[in-house]
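One file, my_file-v4.cif, carrying mmCIF, C-alpha atoms:
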data_target
#
loop_
_atom_site.label_atom_id
_atom_site.label_comp_id
_atom_site.auth_asym_id
_atom_site.auth_seq_id
_atom_site.Cartn_x
_atom_site.Cartn_y
_atom_site.Cartn_z
CA MET A 30 -101.32 190.41 -79.25
CA THR A 31 -98.97 191.43 -76.42
CA GLU A 32 -101.82 191.33 -73.93
CA LEU A 33 -102.96 187.89 -75.11
CA VAL A 34 -99.44 186.44 -74.86
CA ALA A 35 -99.24 187.68 -71.29
CA GLU A 36 -102.66 186.20 -70.47
CA PHE A 37 -101.64 182.80 -71.85
CA ALA A 38 -98.44 182.93 -69.83
CA SER A 39 -100.45 183.78 -66.73
CA VAL A 40 -102.55 180.65 -67.19
CA VAL A 41 -99.42 178.51 -67.60
CA GLU A 42 -97.75 180.05 -64.60
CA GLY A 43 -100.75 179.32 -62.43
CA ARG A 44 -100.61 175.58 -63.19
CA GLU A 45 -98.47 173.60 -60.80
CA LEU A 46 -97.16 170.14 -61.53
CA GLY A 47 -99.36 168.52 -58.90
CA GLY A 48 -103.08 168.77 -58.36
CA ASP A 49 -106.16 167.97 -60.37
CA VAL A 50 -105.41 166.08 -63.60
CA SER A 51 -108.29 167.91 -65.30
CA ARG A 52 -106.31 171.16 -65.18
CA GLY A 53 -105.39 170.75 -68.85
CA ALA A 54 -109.05 170.93 -69.88
CA SER A 55 -109.59 173.83 -67.48
CA ALA A 56 -106.72 175.78 -69.03
CA ALA A 57 -108.13 175.09 -72.51
CA ARG A 58 -111.45 176.61 -71.44
CA VAL A 59 -109.65 179.75 -70.29
CA TYR A 60 -107.86 179.96 -73.64
CA LYS A 61 -111.22 179.51 -75.36
CA GLN A 62 -112.71 182.48 -73.55
CA LEU A 63 -109.64 184.67 -74.17
CA THR A 64 -109.67 184.01 -77.92
CA LYS A 65 -113.46 184.25 -78.12
CA GLN A 66 -113.23 187.75 -76.70
CA ARG A 67 -110.58 188.56 -79.29
CA SER A 68 -112.95 187.40 -82.02
CA ALA A 69 -115.74 189.59 -80.69
CA ASN A 70 -113.42 192.60 -80.52
CA ALA A 71 -112.14 192.01 -84.05
CA THR A 72 -115.61 191.85 -85.59
CA SER A 73 -117.19 194.77 -83.72
CA GLY A 74 -117.33 197.96 -85.74
CA VAL A 75 -115.85 196.38 -88.87
CA LEU A 76 -114.39 198.93 -91.26
CA PHE A 77 -114.54 199.02 -95.06
CA GLY A 78 -111.77 198.45 -97.56
CA ALA A 79 -108.49 196.67 -96.88
CA GLU A 80 -108.61 197.40 -93.16
CA GLY A 81 -112.08 195.89 -92.88
CA THR A 82 -110.95 192.81 -94.79
CA GLN A 83 -108.09 192.33 -92.34
CA GLN A 84 -110.48 192.74 -89.41
CA ARG A 85 -112.76 190.03 -90.75
CA HIS A 86 -109.78 187.77 -91.40
CA ASP A 87 -108.52 188.26 -87.84
CA GLY A 88 -111.97 187.65 -86.43
CA LYS A 89 -112.25 184.40 -88.34
CA TRP A 90 -108.88 183.24 -87.01
CA TRP A 91 -109.75 184.02 -83.40
CA GLN A 92 -113.12 182.29 -83.68
CA SER A 93 -111.52 179.19 -85.20
CA GLU A 94 -108.88 179.15 -82.47
CA SER A 95 -111.56 179.51 -79.81
CA ASP A 96 -113.40 176.55 -81.34
CA THR A 97 -110.15 174.55 -81.26
CA TRP A 98 -109.69 175.15 -77.53
CA ASP A 99 -113.31 174.17 -77.00
CA LEU A 100 -112.78 170.85 -78.81
CA LEU A 101 -109.61 170.14 -76.85
CA ALA A 102 -111.33 170.80 -73.51
CA ARG A 103 -114.31 168.60 -74.35
CA LEU A 104 -112.37 165.59 -75.61
CA TYR A 105 -109.49 165.49 -73.16
CA GLU A 106 -111.74 165.93 -70.16
CA GLN A 107 -113.78 162.99 -71.42
CA ARG A 108 -110.68 160.91 -72.10
CA GLN A 109 -109.35 161.61 -68.64
CA GLN A 110 -112.65 160.59 -67.10
CA ARG A 111 -112.62 157.34 -69.03
CA ARG A 112 -109.10 156.59 -67.84
CA ASP A 113 -110.27 157.13 -64.28
CA VAL A 114 -113.24 154.81 -64.78
CA ALA A 115 -111.03 152.15 -66.36
CA MET A 116 -108.91 152.15 -63.21
CA ASP A 117 -111.98 151.62 -61.00
CA ASP A 118 -112.32 147.99 -59.96
CA ASN A 119 -115.97 148.48 -59.06
CA MET A 120 -117.31 149.18 -62.54
CA ASP A 121 -120.89 148.05 -63.14
CA ALA A 122 -121.45 145.01 -65.31
CA SER A 123 -122.38 145.54 -68.94
CA THR A 124 -126.07 145.39 -69.92
CA ASP A 125 -125.26 144.42 -73.51
CA ASP A 126 -127.08 141.07 -73.41
CA ASP A 127 -129.84 142.05 -70.96
CA ALA A 128 -133.11 141.69 -72.89
CA THR A 129 -135.18 143.16 -70.05
CA LEU A 130 -133.94 146.74 -70.48
CA SER A 131 -135.43 149.56 -72.53
CA ASP A 132 -133.67 150.94 -75.61
CA PHE A 133 -132.85 154.14 -73.72
CA VAL A 134 -130.95 152.29 -71.00
CA ARG A 135 -129.18 150.09 -73.54
CA ALA A 136 -128.13 153.18 -75.54
CA GLN A 137 -126.78 154.88 -72.40
CA ASP A 138 -124.85 151.74 -71.50
CA LEU A 139 -123.44 151.53 -75.03
CA LEU A 140 -122.07 155.08 -74.75
CA GLU A 141 -120.48 154.24 -71.40
CA ARG A 142 -118.82 151.10 -72.76
CA ASP A 143 -117.80 152.42 -76.18
CA GLY A 144 -115.45 155.32 -75.47
CA GLN A 145 -114.84 155.95 -79.15
CA LEU A 146 -118.56 156.29 -79.86
CA ALA A 147 -118.92 158.65 -76.90
CA GLU A 148 -116.14 160.80 -78.38
CA TYR A 149 -117.89 160.83 -81.75
CA VAL A 150 -121.05 162.09 -80.05
CA GLU A 151 -119.02 164.83 -78.35
CA VAL A 152 -117.45 165.84 -81.67
CA ARG A 153 -120.92 166.04 -83.19
CA ARG A 154 -122.05 168.30 -80.33
CA TRP A 155 -119.00 170.47 -80.95
CA LEU A 156 -119.80 170.70 -84.67
CA GLU A 157 -123.37 171.66 -83.80
CA ASP A 158 -122.35 174.30 -81.28
CA THR A 159 -119.80 175.86 -83.65
CA ALA A 160 -121.99 175.90 -86.76
CA ARG A 161 -122.38 179.21 -88.56
CA GLU A 162 -125.29 181.44 -87.57
CA PHE A 163 -128.48 181.42 -89.62
CA GLN A 164 -131.74 183.37 -89.70
CA PRO A 165 -134.73 181.13 -88.83
CA VAL A 166 -138.08 181.63 -90.52
CA GLU A 167 -140.70 183.55 -88.59
CA THR A 168 -143.57 181.69 -86.96
CA ARG A 169 -146.79 181.90 -88.98
CA LYS A 170 -150.14 180.85 -87.62
CA GLY A 171 -152.67 179.26 -89.90
CA TYR A 172 -151.69 176.25 -92.01
CA LEU A 173 -151.67 177.06 -95.75
CA PHE A 174 -153.33 180.41 -95.10
CA TYR A 175 -153.24 181.65 -98.69
CA THR A 176 -154.30 178.33 -100.18
CA ARG A 177 -157.22 178.20 -97.78
CA ARG A 178 -158.24 181.71 -98.79
CA SER A 179 -158.05 180.79 -102.49
CA ILE A 180 -160.27 177.76 -101.93
CA ARG A 181 -162.84 179.95 -100.20
CA THR A 182 -162.66 182.37 -103.11
CA GLN A 183 -163.33 179.54 -105.55
CA ASP A 184 -166.38 178.50 -103.59
CA THR A 185 -167.92 181.97 -103.84
CA ALA A 186 -166.62 183.39 -107.13
CA ASP A 187 -167.97 182.91 -110.65
CA SER A 188 -166.46 180.46 -113.15
CA ASN A 189 -164.07 183.05 -114.62
CA ALA A 190 -162.47 183.66 -111.27
CA MET A 191 -162.27 179.95 -110.62
CA SER A 192 -160.25 179.35 -113.76
CA ASP A 193 -157.29 181.25 -112.33
CA ASN A 194 -156.83 178.72 -109.50
CA THR A 195 -157.76 175.42 -111.12
CA GLN A 196 -154.27 174.04 -110.39
CA LEU A 197 -154.60 174.58 -106.64
CA VAL A 198 -155.49 171.79 -104.23
CA THR A 199 -159.10 171.62 -103.11
CA ASP A 200 -158.38 170.11 -99.68
CA ILE A 201 -156.32 171.41 -96.78
CA ASP A 202 -154.27 168.55 -95.37
CA PRO A 203 -150.56 167.63 -95.50
CA ASP A 204 -151.07 165.01 -98.22
CA ALA A 205 -153.43 166.97 -100.46
CA SER A 206 -150.75 168.18 -102.87
CA SER A 207 -149.26 164.72 -103.53
CA ARG A 208 -152.65 163.02 -103.54
CA GLN A 209 -154.32 165.43 -105.96
CA ARG A 210 -151.12 166.23 -107.88
CA ARG A 211 -151.89 169.91 -107.51
CA ASP A 212 -150.07 172.92 -106.09
CA ILE A 213 -150.54 175.09 -103.05
CA ALA A 214 -150.55 178.91 -103.23
CA ILE A 215 -147.18 180.41 -104.11
CA GLU A 216 -147.04 182.31 -100.80
CA ASP A 217 -147.58 179.09 -98.87
CA HIS A 218 -145.01 177.29 -101.00
CA GLU A 219 -142.40 179.95 -100.24
CA TYR A 220 -143.12 179.78 -96.52
CA THR A 221 -142.99 175.97 -96.50
CA THR A 222 -139.62 176.05 -98.26
CA SER A 223 -138.25 178.46 -95.65
CA LEU A 224 -139.78 176.41 -92.84
CA LEU A 225 -138.18 173.19 -94.06
CA ARG A 226 -134.79 174.87 -94.35
CA THR A 227 -135.11 176.22 -90.81
CA LEU A 228 -136.07 172.78 -89.49
CA PHE A 229 -132.98 171.27 -91.09
CA GLU A 230 -130.75 174.05 -89.77
CA TYR A 231 -132.12 173.48 -86.25
CA VAL A 232 -131.46 169.74 -86.46
CA ARG A 233 -128.03 170.48 -87.93
CA ARG A 234 -127.29 172.47 -84.77
CA GLY A 235 -128.69 169.87 -82.37
CA ARG A 236 -131.70 172.06 -81.58
CA MET A 237 -134.39 169.41 -82.01
CA SER A 238 -136.66 170.98 -79.38
CA ASP A 239 -136.59 174.30 -81.28
CA ALA A 240 -137.46 172.51 -84.51
CA MET A 241 -140.44 170.73 -82.99
CA ALA A 242 -141.62 173.90 -81.23
CA LEU A 243 -141.53 175.79 -84.54
CA CYS A 244 -143.70 173.11 -86.15
CA VAL A 245 -146.30 173.31 -83.39
CA GLU A 246 -146.29 177.12 -83.31
CA SER A 247 -146.73 177.21 -87.10
CA ASP A 248 -149.79 174.93 -86.87
CA GLU A 249 -147.97 171.96 -88.42
CA PRO A 250 -147.70 169.61 -85.40
CA TRP A 251 -147.47 166.49 -87.58
CA ARG A 252 -143.98 167.56 -88.63
CA ALA A 253 -142.94 167.61 -84.97
CA ALA A 254 -144.41 164.15 -84.50
CA SER A 255 -142.50 162.84 -87.52
CA MET A 256 -139.20 164.08 -86.06
CA LYS A 257 -139.91 162.87 -82.54
CA GLY A 258 -139.73 159.24 -83.66
CA GLY A 259 -135.99 159.20 -83.08
CA LEU A 260 -136.31 159.20 -79.29
CA PHE A 261 -135.24 155.93 -77.71
CA TRP A 262 -138.03 153.90 -76.12
CA ARG A 263 -138.33 154.10 -72.34
CA ASP A 264 -140.47 152.10 -69.91
CA PRO A 265 -140.61 152.73 -66.13
CA GLN A 266 -141.19 149.03 -65.53
CA LEU A 267 -137.79 148.26 -67.06
CA GLU A 268 -135.82 151.14 -65.54
CA ASP A 269 -135.04 152.53 -62.13
CA ALA A 270 -138.05 154.06 -60.46
CA GLU A 271 -136.39 157.48 -60.29
CA SER A 272 -135.28 157.63 -63.96
CA THR A 273 -138.71 157.94 -65.59
CA ASP A 274 -142.36 157.71 -64.56
CA ARG A 275 -143.99 157.04 -67.92
CA VAL A 276 -143.52 155.23 -71.19
CA GLY A 277 -141.90 157.36 -73.89
CA GLY A 278 -139.85 157.26 -77.07
CA ASN A 279 -140.34 155.03 -80.08
CA ILE A 280 -140.50 151.27 -79.65
CA ASN A 281 -140.04 150.89 -83.43
CA ARG A 282 -137.21 153.40 -83.91
CA ASN A 283 -135.57 151.25 -86.58
CA LEU A 284 -138.76 151.21 -88.66
CA TRP A 285 -139.08 154.98 -88.20
CA LYS A 286 -135.52 155.47 -89.51
CA HIS A 287 -136.37 153.48 -92.63
CA ALA A 288 -139.47 155.65 -93.16
CA CYS A 289 -137.29 158.77 -92.82
CA ALA A 290 -134.87 157.31 -95.35
CA ALA A 291 -137.77 156.77 -97.75
CA LEU A 292 -138.80 160.43 -97.42
CA ALA A 293 -135.20 161.48 -98.02
CA HIS A 294 -134.99 159.19 -101.05
CA ASP A 295 -138.11 160.69 -102.67
CA THR A 296 -136.93 163.16 -105.33
CA GLY A 297 -140.36 164.79 -105.33
CA ASN A 298 -139.73 166.31 -101.92
CA ASP A 299 -138.03 169.63 -101.20
CA SER A 300 -134.24 169.41 -100.97
CA TYR A 301 -134.18 170.59 -97.35
CA GLU A 302 -136.99 168.22 -96.40
CA ARG A 303 -134.96 165.39 -97.87
CA ALA A 304 -131.85 166.59 -96.02
CA LEU A 305 -133.83 166.85 -92.78
CA TYR A 306 -135.04 163.25 -92.83
CA ALA A 307 -131.71 162.01 -94.16
CA ALA A 308 -129.99 163.55 -91.14
CA LEU A 309 -132.52 162.02 -88.77
CA SER A 310 -132.03 158.56 -90.29
CA GLY A 311 -128.25 158.75 -90.51
CA ARG A 312 -127.98 159.04 -94.30
CA VAL A 313 -125.40 161.26 -96.00
CA ASP A 314 -126.58 161.36 -99.62
CA GLU A 315 -129.22 164.06 -99.29
CA VAL A 316 -127.53 165.95 -96.44
CA LEU A 317 -124.43 166.58 -98.52
CA THR A 318 -126.48 168.36 -101.19
CA VAL A 319 -127.19 171.24 -98.79
CA CYS A 320 -123.80 171.36 -97.05
CA VAL A 321 -121.70 174.48 -97.58
CA THR A 322 -118.80 174.63 -95.12
CA TRP A 323 -116.16 172.22 -93.84
CA ASN A 324 -118.10 172.10 -90.58
CA ASP A 325 -121.27 171.05 -92.42
CA PHE A 326 -119.62 168.22 -94.35
CA VAL A 327 -117.83 166.82 -91.30
CA TRP A 328 -121.07 166.92 -89.31
CA ALA A 329 -122.98 165.04 -92.01
CA HIS A 330 -120.46 162.18 -92.02
CA VAL A 331 -119.97 162.07 -88.24
CA ASN A 332 -123.74 161.96 -87.76
CA ALA A 333 -123.97 159.00 -90.15
CA VAL A 334 -121.14 157.15 -88.37
CA ILE A 335 -122.84 157.62 -84.99
CA GLU A 336 -126.20 156.32 -86.21
CA MET A 337 -124.55 153.33 -87.87
CA ARG A 338 -122.60 152.42 -84.74
CA MET A 339 -125.61 152.93 -82.50
CA ASP A 340 -127.70 150.61 -84.69
CA HIS A 341 -124.97 148.00 -84.65
CA GLY A 342 -124.46 148.28 -80.90
CA LEU A 343 -128.17 147.94 -80.10
CA ARG A 344 -128.74 144.81 -82.16
CA GLY A 345 -129.38 141.56 -80.39
CA ALA A 346 -131.39 140.75 -77.29
CA CYS A 347 -134.53 142.83 -76.86
CA VAL A 348 -137.64 142.54 -74.69
CA TYR A 349 -139.96 143.03 -77.68
CA GLU A 350 -140.10 142.07 -81.34
CA GLN A 351 -139.50 145.00 -83.65
CA ALA A 352 -141.64 145.62 -86.72
CA PRO A 353 -139.97 144.43 -89.95
CA ALA A 354 -138.50 147.04 -92.32
CA THR A 355 -137.79 144.83 -95.35
CA SER A 356 -140.08 146.89 -97.61
CA PHE A 357 -137.59 149.77 -97.48
CA ALA A 358 -134.70 147.93 -99.13
CA HIS A 359 -134.95 150.19 -102.18
CA VAL A 360 -133.89 153.29 -100.24
CA GLN A 361 -130.42 152.12 -99.26
CA SER A 362 -127.78 154.85 -99.39
CA ARG A 363 -125.80 155.06 -102.61
CA ARG A 364 -122.67 156.22 -100.82
CA THR A 365 -120.26 154.14 -98.80
CA CYS A 366 -120.31 155.69 -95.36
CA ALA A 367 -117.21 156.27 -93.27
CA THR A 368 -116.69 153.86 -90.38
CA ASP A 369 -114.44 155.97 -88.17
CA MET A 370 -113.35 159.55 -87.59
CA ALA A 371 -110.18 159.31 -89.67
CA GLN A 372 -112.19 158.21 -92.71
CA VAL A 373 -114.58 161.13 -92.18
CA PHE A 374 -111.77 163.65 -92.46
CA ASP A 375 -110.19 161.80 -95.39
CA ILE A 376 -113.48 162.03 -97.29
CA VAL A 377 -113.95 165.73 -96.54
CA GLU A 378 -110.36 166.57 -97.45
CA SER A 379 -110.82 164.85 -100.83
CA LEU A 380 -113.61 167.27 -101.79
CA ASP A 381 -112.94 169.99 -104.34
CA GLY A 382 -113.15 173.74 -104.01
CA CYS A 383 -113.42 175.87 -100.89
CA VAL A 384 -114.09 172.91 -98.59
CA GLN A 385 -110.77 171.33 -99.49
CA ASN A 386 -109.03 174.67 -99.00
CA GLU A 387 -110.63 175.05 -95.59
CA ALA A 388 -109.56 171.51 -94.67
CA ARG A 389 -105.95 172.57 -95.31
CA ASP A 390 -106.22 175.43 -92.81
CA PRO A 391 -103.66 174.92 -89.99
CA LEU A 392 -106.30 175.07 -87.26
CA ARG A 393 -108.51 172.59 -89.12
CA ARG A 394 -105.59 170.18 -89.28
CA LEU A 395 -105.11 170.57 -85.54
CA GLN A 396 -108.83 169.97 -84.97
CA ARG A 397 -108.57 166.79 -86.99
CA ALA A 398 -105.70 165.59 -84.82
CA LEU A 399 -107.69 166.27 -81.66
CA ALA A 400 -110.83 164.57 -82.97
CA THR A 401 -108.98 161.49 -84.21
CA ASN A 402 -106.85 161.24 -81.07
CA THR A 403 -103.63 161.56 -83.08
CA PHE A 404 -102.29 164.70 -81.43
CA ALA A 405 -99.01 162.95 -80.52
CA GLU A 406 -98.29 162.29 -84.19
CA TYR A 407 -99.39 165.82 -85.06
CA VAL A 408 -96.92 167.36 -82.59
CA GLU A 409 -94.06 165.32 -84.03
CA GLU A 410 -94.88 166.44 -87.57
CA PHE A 411 -95.29 170.06 -86.46
CA ALA A 412 -91.96 170.00 -84.61
CA GLN A 413 -90.17 168.59 -87.67
CA ALA A 414 -91.65 171.29 -89.90
CA LEU A 415 -90.72 174.20 -87.62
CA SER A 416 -88.86 177.04 -89.32
CA PRO A 417 -88.44 180.80 -88.92
CA GLU A 418 -91.36 181.21 -91.34
CA THR A 419 -93.78 179.16 -89.22
CA ASP A 420 -96.77 181.27 -88.20
CA VAL A 421 -96.10 182.46 -84.65
CA ARG A 422 -99.79 182.08 -83.86
CA MET A 423 -99.67 178.37 -84.63
CA VAL A 424 -96.49 177.98 -82.56
CA ARG A 425 -98.34 179.57 -79.64
CA VAL A 426 -101.42 177.36 -80.13
CA VAL A 427 -99.52 174.07 -80.49
CA ALA A 428 -97.21 174.89 -77.56
CA HIS A 429 -100.10 175.55 -75.19
CA ALA A 430 -102.16 172.67 -76.60
CA SER A 431 -99.23 170.37 -75.85
CA LEU A 432 -99.14 171.59 -72.27
CA CYS A 433 -102.89 171.08 -71.88
CA VAL A 434 -102.80 167.56 -73.34
CA ARG A 435 -99.84 166.57 -71.22
CA GLN A 436 -101.48 167.98 -68.09
CA SER A 437 -104.59 165.93 -68.81
CA GLY A 438 -102.56 162.76 -68.40
CA ALA A 439 -101.98 161.84 -72.04
CA GLU A 440 -98.53 160.81 -73.24
CA LEU A 441 -96.74 162.93 -75.82
CA PRO A 442 -93.31 162.60 -77.46
CA GLU A 443 -91.11 164.67 -75.17
CA PRO A 444 -88.52 165.71 -77.78
CA ALA A 445 -91.25 167.08 -80.05
CA VAL A 446 -92.98 168.97 -77.24
CA SER A 447 -89.66 170.41 -76.10
CA ALA A 448 -88.87 171.56 -79.64
CA VAL A 449 -92.23 173.35 -79.93
CA LEU A 450 -91.87 174.98 -76.52
CA GLU A 451 -88.33 176.04 -77.34
CA ALA A 452 -89.49 177.62 -80.58
CA TYR A 453 -92.21 179.52 -78.73
CA VAL A 454 -89.85 180.65 -75.97
CA ASP A 455 -87.42 181.91 -78.62
CA ARG A 456 -90.21 184.05 -80.08
CA LEU A 457 -91.10 185.31 -76.61
CA ALA A 458 -87.54 186.23 -75.78
CA ARG A 459 -87.47 188.77 -78.60
CA ASP A 460 -90.24 191.00 -77.24
CA HIS A 461 -91.46 189.50 -73.97
CA ASP A 462 -88.47 188.13 -72.15
CA GLU A 463 -90.20 188.68 -68.82
CA LEU A 464 -92.66 185.89 -69.72
CA VAL A 465 -90.05 183.25 -70.57
CA ALA A 466 -89.83 182.02 -66.96
CA ALA A 467 -93.44 180.81 -67.08
CA TYR A 468 -92.44 178.09 -69.55
#
Write-out of the structure in structure tokens:
Amino acid sequence: MTELVAEFASVVEGRELGGDVSRGASAARVYKQLTKQRSANATSGVLFGAEGTQQRHDGKWWQSESDTWDLLARLYEQRQQRRDVAMDDNMDASTDDDATLSDFVRAQDLLERDGQLAEYVEVRRWLEDTAREFQPVETRKGYLFYTRRSIRTQDTADSNAMSDNTQLVTDIDPDASSRQRRDIAIEDHEYTTSLLRTLFEYVRRGRMSDAMALCVESDEPWRAASMKGGLFWRDPQLEDAESTDRVGGNINRNLWKHACAALAHDTGNDSYERALYAALSGRVDEVLTVCVTWNDFVWAHVNAVIEMRMDHGLRGACVYEQAPATSFAHVQSRRTCATDMAQVFDIVESLDGCVQNEARDPLRRLQRALATNTFAEYVEEFAQALSPETDVRMVRVVAHASLCVRQSGAELPEPAVSAVLEAYVDRLARDHDELVAAY
């Protein structure tokens, strides 16, 4: 800990009052790397017993702190950039009502105009990048290999052998099982279940290209095609010549989302298949059934908010007439979705069990303040609650976070910031008085 305190002080000491206003985000990235290294050190060569438990606990703290610095750097750099753009008198005109633009261009323009939506997208990226690790299924060539072999066996065996597999499908195509109301071989069923879970976990982590590649490599390219429908439509005749040279994306993305919602709504489908298409269409009902951690639940709701706001922002003038989706009215979500980031965290914090306990974690509360842009209020509350029993690690984090936020150009309540810094300096003076001058 002594070494880390000195490293943090070194970063602070190297930041002068003048200079680049992005220095706050830059400092946060340095803190991220320092704490990430601490996490790696804490989890390498983990011991057994009480000492091993403490190691894992320390590693979890350092990883969560590293994630916090990452979130701070992402959001406050973006907020600073938007403040700079707002001060530019030569901003381009909005394309909101321009019916001669492709969906891709209109979506990009929406993100440039709607700073809050852009922040939500950045929070979603952060949640994807910080998701827990998982083991993807291995690639397997040959679609329904064991079912295909059983069918061949039936074609050549006697009637007694055939009776063992009379419940298996007789055709090899993606719809055979639902059409014939028969099963596939148990080995193929197990692999399909693992594949669907992996596809969801990839999408959950923003790794759409990996999900589609797995489908193709596993000889199930139609699954990749079904997921690719979320790409915004592009047309070189309606965009700059240098932006794209061919038509791409989905001209009926709204209809595709309703079809995904219908797949998610179908209780006959695998739970992870339902969660996959629910996530793609911006639903929360089926995604929540496979969520485990605080990170998962927040992602599910943030993803739904983004899709809802994108749909709302892209309504209106369009160069083409979209296909109607009225036949999908029966698959409307049963849950009332959040409309902003504060509601997302309120919903997650109201959950029972370990998710609610995780939401009460001090670093999670700080992450909420950063994501909802309420860090000023958070600092005031933290300063008022300061006591000798306050975790010194949180005092260090909030003190340096305050410096980063203030250096990025955001306004903070000076008395509260001073109180937090004073509390941290008091802790330093006990064992590291040589570092006090840096603050």
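The gap separating atom CA of A:Glu406 from atom CA of A:Asp113 is 23.8 Å, in Å to one decimal.
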Residue IDs satisfying the PyMOL selection byres ((chain A and resi 436) around 7), as a PDB file with C-alpha atoms, in the frame of the given file:
ATOM      1  CA  VAL A  50    -105.410 166.080 -63.600  1.00  0.00           C
ATOM      2  CA  ARG A  52    -106.310 171.160 -65.180  1.00  0.00           C
ATOM      3  CA  GLY A  53    -105.390 170.750 -68.850  1.00  0.00           C
ATOM      4  CA  LEU A 432     -99.140 171.590 -72.270  1.00  0.00           C
ATOM      5  CA  CYS A 433    -102.890 171.080 -71.880  1.00  0.00           C
ATOM      6  CA  VAL A 434    -102.800 167.560 -73.340  1.00  0.00           C
ATOM      7  CA  ARG A 435     -99.840 166.570 -71.220  1.00  0.00           C
ATOM      8  CA  SER A 437    -104.590 165.930 -68.810  1.00  0.00           C
ATOM      9  CA  GLY A 438    -102.560 162.760 -68.400  1.00  0.00           C
TER      10      GLY A 438
END
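Nearest-residue note for A:Leu130: choosing from A:Glu106, A:Asp158, A:Asp269, A:Glu167, the minimum distance belongs to A:Asp269, counting all atoms listed in the file.
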Query raised in the report: Skipping near chain neighbours, those fewer than 4 positions away, what residues fall within 6 Å of A:Arg263 using all atoms listed in the file, listed as a PyMOL selection string?
Result: chain A and resi 131+133+276-278
Dump C-alpha atoms for the selected residues as a tab-separated table (two decimals), keeping the file's coordinate frame?
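Saved result, result_30.tsv, follows:
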chain	number	residue	atom	x	y	z
A	131	SER	CA	-135.43	149.56	-72.53
A	133	PHE	CA	-132.85	154.14	-73.72
A	276	VAL	CA	-143.52	155.23	-71.19
A	277	GLY	CA	-141.90	157.36	-73.89
A	278	GLY	CA	-139.85	157.26	-77.07
Requested in this report: Would you please work out which residue, of A:Val152, A:Val166, A:Leu225, A:Ala428, is nearest to A:Asn332 when using only C-alpha atoms?
Outcome: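 Looking at the shortest contact to A:Asn332, the residue is A:Val152.
You will find atom CA of A:Val198 at 23.0 Å from atom CA of A:Ser255.
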Requested in this report: Calculate how many Å separate atom CA of A:Thr129 from atom CA of A:Leu267, rounding to one decimal.
Outcome: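 Separation of atom CA of A:Thr129 and atom CA of A:Leu267: 6.5 Å.
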